[in-house]
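> The following file, run.cif, comprises mmCIF, C-alpha atoms:
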data_data
#
loop_
_atom_site.label_atom_id
_atom_site.label_comp_id
_atom_site.auth_asym_id
_atom_site.auth_seq_id
_atom_site.Cartn_x
_atom_site.Cartn_y
_atom_site.Cartn_z
CA MET P 1 50.41 198.36 110.75
CA SER P 2 53.68 196.70 111.68
CA GLY P 3 55.34 194.49 109.09
CA PHE P 4 55.78 191.90 111.85
CA SER P 5 53.08 190.18 113.88
CA ILE P 6 53.80 190.34 117.60
CA PHE P 7 53.04 187.56 120.08
CA ASP P 8 53.69 189.04 123.50
CA GLY P 9 54.69 187.17 126.65
CA HIS P 10 52.82 189.32 129.16
CA ASN P 11 50.25 192.07 129.59
CA ASP P 12 48.06 193.21 132.48
CA LEU P 13 45.03 194.30 130.45
CA LEU P 14 42.51 192.15 132.33
CA SER P 15 43.44 193.37 135.81
CA SER P 16 43.52 196.94 134.46
CA LEU P 17 40.05 196.61 132.91
CA TRP P 18 38.83 195.16 136.22
CA ALA P 19 40.28 198.15 138.10
CA GLU P 20 38.63 200.47 135.56
CA LYS P 21 35.31 198.66 136.16
CA SER P 22 35.15 197.78 132.48
CA PHE P 23 33.80 194.33 133.27
CA ASP P 24 32.52 193.78 129.73
CA GLY P 25 35.85 194.83 128.21
CA ALA P 26 34.26 197.78 126.42
CA GLY P 27 37.27 199.93 127.26
CA PHE P 28 39.44 197.71 125.10
CA PHE P 29 37.16 198.04 122.09
CA GLY P 30 36.31 201.72 122.52
CA GLY P 31 39.65 203.18 123.59
CA ARG P 32 41.21 203.59 127.02
CA ALA P 33 44.13 205.35 128.69
CA GLY P 34 46.40 202.32 129.16
CA HIS P 35 48.85 200.64 126.79
CA LEU P 36 46.42 198.31 124.99
CA ASP P 37 43.20 198.77 123.09
CA LEU P 38 41.98 197.25 119.84
CA GLU P 39 42.86 200.19 117.60
CA ARG P 40 46.42 200.49 118.93
CA CYS P 41 46.96 196.70 118.82
CA ARG P 42 45.97 196.62 115.16
CA LYS P 43 48.10 199.64 114.37
CA GLY P 44 51.14 198.10 116.05
CA GLY P 45 50.81 194.52 114.85
CA PHE P 46 49.99 193.17 118.32
CA ALA P 47 48.37 189.89 117.26
CA GLY P 48 48.43 187.76 120.40
CA GLY P 49 49.94 187.06 123.76
CA PHE P 50 49.54 186.07 127.40
CA PHE P 51 46.71 187.97 129.12
CA ALA P 52 47.35 187.97 132.86
CA VAL P 53 44.95 187.82 135.77
CA TRP P 54 46.46 189.56 138.82
CA VAL P 55 45.02 190.32 142.27
CA GLY P 56 46.46 193.40 143.95
CA GLY P 57 47.09 194.06 147.61
CA GLU P 58 47.97 197.00 149.81
CA PRO P 59 51.54 198.18 149.20
CA GLY P 60 53.86 198.74 152.13
CA THR P 61 55.29 202.14 152.96
CA GLY P 62 58.37 203.55 154.63
CA PRO P 63 62.12 203.22 154.15
CA ASP P 64 62.29 199.43 154.46
CA PRO P 65 62.75 198.11 150.85
CA MET P 66 61.15 194.81 151.89
CA ALA P 67 58.02 196.41 153.36
CA THR P 68 56.06 196.24 150.12
CA TYR P 69 57.06 192.61 149.65
CA ARG P 70 55.83 191.61 153.11
CA GLU P 71 52.68 193.72 153.31
CA PHE P 72 51.56 192.88 149.77
CA SER P 73 51.36 189.23 150.85
CA ALA P 74 48.34 189.77 153.12
CA ILE P 75 45.66 188.90 150.57
CA ASP P 76 42.36 187.34 151.54
CA PRO P 77 42.02 184.06 149.56
CA VAL P 78 38.24 184.45 149.20
CA ARG P 79 38.69 187.89 147.65
CA ALA P 80 41.53 186.58 145.49
CA GLU P 81 39.42 183.73 144.10
CA ARG P 82 36.51 186.09 143.39
CA GLN P 83 38.68 188.63 141.60
CA THR P 84 40.39 185.89 139.61
CA LEU P 85 37.00 184.66 138.40
CA GLU P 86 35.87 188.20 137.62
CA GLN P 87 38.95 188.90 135.51
CA ILE P 88 38.64 185.61 133.60
CA ALA P 89 35.02 186.53 132.93
CA ILE P 90 36.13 189.81 131.35
CA LEU P 91 38.11 187.92 128.71
CA LEU P 92 35.23 185.49 128.11
CA ARG P 93 32.83 188.41 127.63
CA MET P 94 35.25 190.14 125.26
CA GLN P 95 35.48 187.02 123.12
CA ALA P 96 31.71 186.55 123.10
CA ALA P 97 31.12 190.17 122.10
CA ARG P 98 33.82 190.40 119.41
CA PRO P 99 35.16 187.03 118.21
CA ASP P 100 36.40 188.89 115.15
CA ALA P 101 38.68 190.93 117.40
CA ILE P 102 39.90 188.63 120.18
CA ARG P 103 39.77 184.90 120.92
CA LEU P 104 40.74 182.84 123.94
CA CYS P 105 43.14 180.19 122.65
CA ARG P 106 43.91 176.85 124.27
CA SER P 107 46.45 175.54 121.75
CA VAL P 108 48.89 176.61 119.06
CA ALA P 109 46.34 175.49 116.46
CA GLU P 110 43.78 177.89 117.93
CA ILE P 111 46.37 180.69 117.90
CA ALA P 112 46.95 180.05 114.19
CA ALA P 113 43.19 180.00 113.55
CA ALA P 114 42.75 183.33 115.33
CA GLN P 115 45.63 184.86 113.38
CA GLU P 116 44.14 183.67 110.10
CA VAL P 117 40.93 185.66 110.67
CA GLY P 118 42.69 188.69 112.14
CA ALA P 119 41.63 188.17 115.76
CA ILE P 120 44.03 188.71 118.67
CA ALA P 121 45.05 185.31 120.07
CA ALA P 122 44.81 185.42 123.87
CA ILE P 123 46.44 182.86 126.15
CA LEU P 124 44.84 183.07 129.61
CA HIS P 125 47.51 183.43 132.31
CA ILE P 126 47.36 183.83 136.11
CA GLU P 127 50.14 185.89 137.70
CA GLY P 128 50.41 184.89 141.37
CA CYS P 129 48.05 182.11 142.42
CA GLU P 130 46.42 183.63 145.52
CA GLY P 131 43.06 182.61 143.99
CA ILE P 132 44.00 178.91 144.03
CA ALA P 133 43.85 176.95 147.29
CA GLU P 134 46.14 174.06 148.27
CA ASN P 135 43.56 171.48 147.14
CA LEU P 136 44.03 172.80 143.56
CA ASP P 137 40.31 172.47 142.80
CA ALA P 138 40.27 175.99 141.39
CA LEU P 139 43.18 175.15 139.08
CA HIS P 140 41.04 172.53 137.35
CA VAL P 141 38.07 174.89 137.07
CA PHE P 142 40.27 177.62 135.61
CA TYR P 143 41.84 175.11 133.22
CA ALA P 144 38.37 174.16 131.98
CA ALA P 145 37.70 177.88 131.45
CA GLY P 146 40.79 178.12 129.24
CA LEU P 147 43.78 178.70 131.54
CA ARG P 148 47.01 177.59 129.87
CA SER P 149 49.73 179.47 131.78
CA LEU P 150 50.41 180.59 135.33
CA GLY P 151 53.09 182.05 137.54
CA PRO P 152 52.88 180.47 141.02
CA VAL P 153 53.88 183.75 142.65
CA TRP P 154 54.01 187.45 141.96
CA SER P 155 56.63 189.55 143.81
CA ARG P 156 55.38 188.43 147.23
CA PRO P 157 55.16 185.16 149.20
CA ASN P 158 52.11 182.93 149.05
CA ILE P 159 51.23 179.32 149.87
CA PHE P 160 53.17 178.08 146.82
CA GLY P 161 56.49 179.91 147.14
CA HIS P 162 58.31 183.21 147.30
CA GLY P 163 58.42 185.95 144.73
CA VAL P 164 61.29 188.40 144.38
CA PRO P 165 60.77 191.89 145.81
CA PHE P 166 61.54 194.79 143.49
CA ASN P 167 65.06 195.91 144.32
CA PHE P 168 68.21 197.20 142.57
CA PRO P 169 71.02 196.41 142.67
CA ALA P 170 70.31 193.06 144.29
CA SER P 171 70.36 189.32 143.77
CA PRO P 172 67.22 187.28 143.00
CA ASP P 173 68.37 184.89 145.74
CA THR P 174 65.98 186.34 148.33
CA GLY P 175 64.61 183.45 150.39
CA PRO P 176 63.36 179.86 150.42
CA GLY P 177 62.05 177.94 147.44
CA LEU P 178 58.78 176.24 146.57
CA THR P 179 56.59 174.98 149.37
CA GLU P 180 55.18 171.45 149.29
CA ALA P 181 51.99 172.95 147.87
CA GLY P 182 54.09 174.69 145.21
CA VAL P 183 55.63 171.40 144.13
CA ARG P 184 52.15 169.86 143.85
CA LEU P 185 50.96 172.84 141.82
CA MET P 186 53.92 172.52 139.46
CA ARG P 187 53.37 168.80 138.92
CA GLU P 188 49.62 169.29 138.33
CA CYS P 189 50.34 172.03 135.78
CA GLU P 190 52.70 169.74 133.91
CA ALA P 191 50.10 166.95 133.89
CA LEU P 192 47.43 169.31 132.52
CA GLY P 193 49.63 171.09 130.00
CA VAL P 194 49.74 174.47 131.73
CA LEU P 195 52.91 176.52 131.19
CA LEU P 196 54.70 177.42 134.44
CA ASP P 197 56.04 180.98 134.32
CA LEU P 198 59.19 181.65 136.35
CA SER P 199 59.35 185.43 135.91
CA HIS P 200 58.50 186.51 139.47
CA LEU P 201 59.86 183.44 141.28
CA ASN P 202 62.93 183.89 143.47
CA GLU P 203 66.14 182.02 142.66
CA ALA P 204 65.62 179.15 145.12
CA GLY P 205 62.17 178.53 143.66
CA PHE P 206 63.60 178.67 140.15
CA TRP P 207 66.08 175.93 141.00
CA ASP P 208 63.34 173.83 142.59
CA VAL P 209 61.41 173.95 139.31
CA ALA P 210 64.54 173.31 137.24
CA ARG P 211 65.35 170.23 139.33
CA ILE P 212 61.88 168.70 139.20
CA SER P 213 60.41 169.80 135.89
CA GLY P 214 60.53 167.83 132.68
CA LYS P 215 59.21 170.76 130.62
CA PRO P 216 60.94 173.76 129.01
CA LEU P 217 61.71 176.44 131.58
CA VAL P 218 60.00 179.71 130.64
CA ALA P 219 60.16 183.25 131.99
CA THR P 220 57.48 185.19 130.12
CA HIS P 221 58.63 188.73 130.98
CA SER P 222 62.16 189.08 132.36
CA ALA P 223 65.58 190.45 131.35
CA ALA P 224 69.28 189.81 132.01
CA HIS P 225 70.68 190.34 135.51
CA ALA P 226 74.22 190.62 134.15
CA VAL P 227 73.12 193.75 132.27
CA THR P 228 70.73 195.27 134.83
CA ALA P 229 71.11 193.88 138.35
CA ALA P 230 67.43 194.02 139.28
CA THR P 231 66.00 191.19 141.37
CA ARG P 232 63.42 190.51 138.64
CA ASN P 233 66.11 189.71 136.08
CA LEU P 234 67.72 186.33 135.41
CA THR P 235 71.33 185.41 136.16
CA ASP P 236 73.55 183.78 133.55
CA LYS P 237 73.38 180.52 135.50
CA GLN P 238 69.57 180.62 135.27
CA LEU P 239 69.79 181.39 131.55
CA ALA P 240 72.02 178.34 131.08
CA ALA P 241 69.40 176.13 132.73
CA ILE P 242 66.65 177.61 130.56
CA ARG P 243 68.68 176.91 127.43
CA ALA P 244 69.43 173.33 128.50
CA SER P 245 65.68 172.71 128.94
CA GLY P 246 64.77 174.10 125.51
CA GLY P 247 63.02 177.00 127.22
CA LEU P 248 62.55 180.68 126.52
CA VAL P 249 62.71 184.19 127.98
CA GLY P 250 60.39 186.99 126.85
CA LEU P 251 62.09 190.38 127.20
CA ASN P 252 60.32 192.72 129.63
CA PHE P 253 59.95 196.30 128.31
CA GLY P 254 59.79 197.83 131.82
CA CYS P 255 62.30 200.69 131.97
CA GLN P 256 63.73 199.81 135.39
CA PHE P 257 64.56 196.27 134.22
CA LEU P 258 66.38 197.50 131.10
CA ARG P 259 68.37 200.57 132.09
CA LEU P 260 71.92 200.20 133.36
CA ASP P 261 71.03 202.38 136.36
CA GLY P 262 67.85 200.43 137.21
CA VAL P 263 65.78 203.64 137.32
CA LYS P 264 62.16 204.03 136.19
CA ASP P 265 62.83 206.55 133.45
CA PRO P 266 60.87 206.53 130.18
CA SER P 267 63.80 208.04 128.27
CA THR P 268 64.96 204.40 127.97
CA GLY P 269 65.91 203.82 124.33
CA PRO P 270 66.07 200.92 121.87
CA GLU P 271 69.76 200.50 122.68
CA ASP P 272 68.79 199.42 126.21
CA MET P 273 66.50 196.72 124.83
CA LEU P 274 69.03 195.58 122.24
CA ARG P 275 71.72 195.31 124.93
CA HIS P 276 69.53 192.83 126.84
CA LEU P 277 68.48 190.96 123.70
CA ASP P 278 72.11 190.58 122.63
CA HIS P 279 72.94 189.09 126.03
CA LEU P 280 69.90 186.80 126.05
CA LEU P 281 70.62 185.58 122.52
CA ALA P 282 74.24 184.87 123.41
CA HIS P 283 73.15 182.72 126.36
CA LEU P 284 69.89 181.20 125.05
CA GLY P 285 70.39 180.93 121.30
CA GLU P 286 68.13 182.20 118.54
CA ASP P 287 65.21 179.91 119.51
CA GLY P 288 65.19 180.87 123.20
CA VAL P 289 64.35 184.58 123.14
CA ALA P 290 61.09 186.43 122.51
CA LEU P 291 59.18 189.49 123.71
CA GLY P 292 57.26 189.93 126.99
CA SER P 293 56.23 193.58 127.13
CA ASP P 294 54.42 193.92 130.49
CA PHE P 295 52.01 196.37 128.80
CA ASP P 296 49.58 197.86 131.34
CA GLY P 297 51.85 196.63 134.13
CA ALA P 298 55.12 198.58 133.84
CA MET P 299 56.53 201.91 132.68
CA MET P 300 57.16 201.70 128.94
CA PRO P 301 60.04 203.42 127.11
CA ASN P 302 58.95 206.61 125.34
CA PHE P 303 59.99 205.26 121.96
CA VAL P 304 57.41 202.45 122.29
CA THR P 305 54.85 204.06 124.66
CA ASP P 306 52.07 201.53 123.95
CA ALA P 307 51.05 198.83 121.47
CA SER P 308 50.85 201.32 118.61
CA GLY P 309 54.59 201.98 118.99
CA LEU P 310 55.65 198.40 118.36
CA PRO P 311 56.69 199.10 114.74
CA LYS P 312 59.45 201.36 116.10
CA LEU P 313 60.78 198.40 118.08
CA THR P 314 60.49 195.92 115.21
CA ALA P 315 62.28 198.36 112.92
CA ALA P 316 65.15 198.52 115.42
CA LEU P 317 65.18 194.73 115.69
CA ALA P 318 65.19 194.22 111.93
CA ALA P 319 68.02 196.72 111.47
CA HIS P 320 70.07 195.00 114.17
CA TYR P 321 69.24 191.31 113.61
CA GLY P 322 67.71 191.01 110.14
CA GLU P 323 64.17 190.01 109.23
CA THR P 324 64.43 186.24 109.81
CA LEU P 325 65.58 186.48 113.42
CA THR P 326 63.23 189.39 114.07
CA GLU P 327 60.26 187.24 113.02
CA LYS P 328 61.37 184.53 115.45
CA LEU P 329 61.71 187.07 118.28
CA CYS P 330 58.32 188.59 117.51
CA TRP P 331 56.25 185.46 116.84
CA GLY P 332 57.87 182.17 115.96
CA ASN P 333 59.77 181.38 119.14
CA TRP P 334 56.66 181.69 121.31
CA GLN P 335 54.81 179.30 119.02
CA GLY P 336 57.63 176.78 119.28
CA VAL P 337 57.71 176.64 123.09
CA LEU P 338 53.91 176.73 123.40
CA ALA P 339 53.66 173.74 121.04
CA ARG P 340 55.93 171.80 123.38
CA VAL P 341 54.08 172.76 126.58
CA ILE P 342 50.36 173.28 125.90
CA GLY P 343 50.10 171.53 122.54
#
Here is the file; what I need is its structure written in the form of structure tokens.

Amino acid sequence: MSGFSIFDGHNDLLSSLWAEKSFDGAGFFGGRAGHLDLERCRKGGFAGGFFAVWVGGEPGTGPDPMATYREFSAIDPVRAERQTLEQIAILLRMQAARPDAIRLCRSVAEIAAAQEVGAIAAILHIEGCEGIAENLDALHVFYAAGLRSLGPVWSRPNIFGHGVPFNFPASPDTGPGLTEAGVRLMRECEALGVLLDLSHLNEAGFWDVARISGKPLVATHSAAHAVTAATRNLTDKQLAAIRASGGLVGLNFGCQFLRLDGVKDPSTGPEDMLRHLDHLLAHLGEDGVALGSDFDGAMMPNFVTDASGLPKLTAALAAHYGETLTEKLCWGNWQGVLARVIG
């Protein structure tokens, strides 16, 4: 067991369980081939985080680097709503079956209560809102079911805005900003107390949110563009806006977002992560940086591999930053920003 409890900004367990047809979540409790299951979470100190709902599409092919971005956008909204409901139901079934092991949390107080009894504290998150129509009726239903965080887009366009395609080296300034529906979605989220995640939003959309929002700006699983010039990473100008808002960035563990060469290569080491964390801390301050692994959604470095490897990361953090700052990076900073957004 890790000496540090980890609250993680992003994982794709729910969509992975759905793809594995583990609709009751039994794969999580009994062991599975991905990055997260109960045994490995407990071994690694993974004590909570954002559990994402994500609806896939058909990836593009060919030499055009934008093909995937365009072709992924053709998602049937009826299918998207159904799959969103089905993935939320997986988490609800998991909680009902094993409240000792995992609990859906709607507030910081509920996170603390789950931690006290040793249950994983799950914040329900939607990554890309293809399952929500312009009337936003589904948003209110999902909120009642426990939704407390969403990213309006994944790395594709939808009715709310434009996500960044995966590209390197390239700028995140890839197209227009939020649509009118996206602005309404953002304002409704702020009224409800739903965190708005900027991680997959393109730069124009980011600045739309920064201009309109009165809440802390948060990117749950991103890294520094000045270090690795991937479209998914944040520029120093964006980091300055996040800091000014009292916001936060959770560091993505995905190899291609960390390495200087932008390549998916699991030989990525702790020095790559520390390089990004040093940059983020310099631009965001000690309260504005946390972890956002992207477990079950990205290639992990070999030295971490999965949730059971988190103690190797926390040991590197403690050696580099000391125990007090490491605790803030692992747990405390997420609790601070969640208290200000969801309550």
> Choose the residue, out of P:His225, P:Arg340, P:Arg98, P:His279, that has the smallest atom-to-atom separation from P:Gly262; count all atoms listed in the file.
P:His225
> Residue by residue, what does the PyMOL selection byres ((chain P and resi 312) around 12) grab here? Present the result as a list in words.
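When the PyMOL selection byres ((chain P and resi 312) around 12) is applied, the selected residues are Met1, Ser2, Gly3, Phe4, Lys43, Gly44, Gly45, Gly269, Pro270, Pro301, Asn302, Phe303, Val304, Thr305, Asp306, Ala307, Ser308, Gly309, Leu310, Pro311, Leu313, Thr314, Ala315, Ala316, Leu317, Ala318 and Ala319 of chain P.
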> Between atom CA of P:His221 and atom CA of P:Ala298, what is the distance in Å, rounded to a tenth?
10.8 Å
> Any idea what the distance is between atom CA of P:Val341 and atom CA of P:Leu195?
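Result for atom CA of P:Val341 versus atom CA of P:Leu195: 6.1 Å, one decimal.
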> So that I can check the surroundings of stretch 238-253 of chain P, please list as an MDAnalysis selection string every protein, DNA and RNA residue that reaches within 7 Å of it, counting only C-alpha atoms and ignoring chain neighbours fewer than 4 positions away.
chainID P and resid 9 215:223 234 283:284 288:294 300 337
> For P:Val194, list every protein, DNA or RNA residue within 7 Å, evaluated using only C-alpha atoms, and leave out those in the same chain fewer than 6 positions away; present the list as a VMD selection string.
chain P and resid 148 to 149 341 to 342
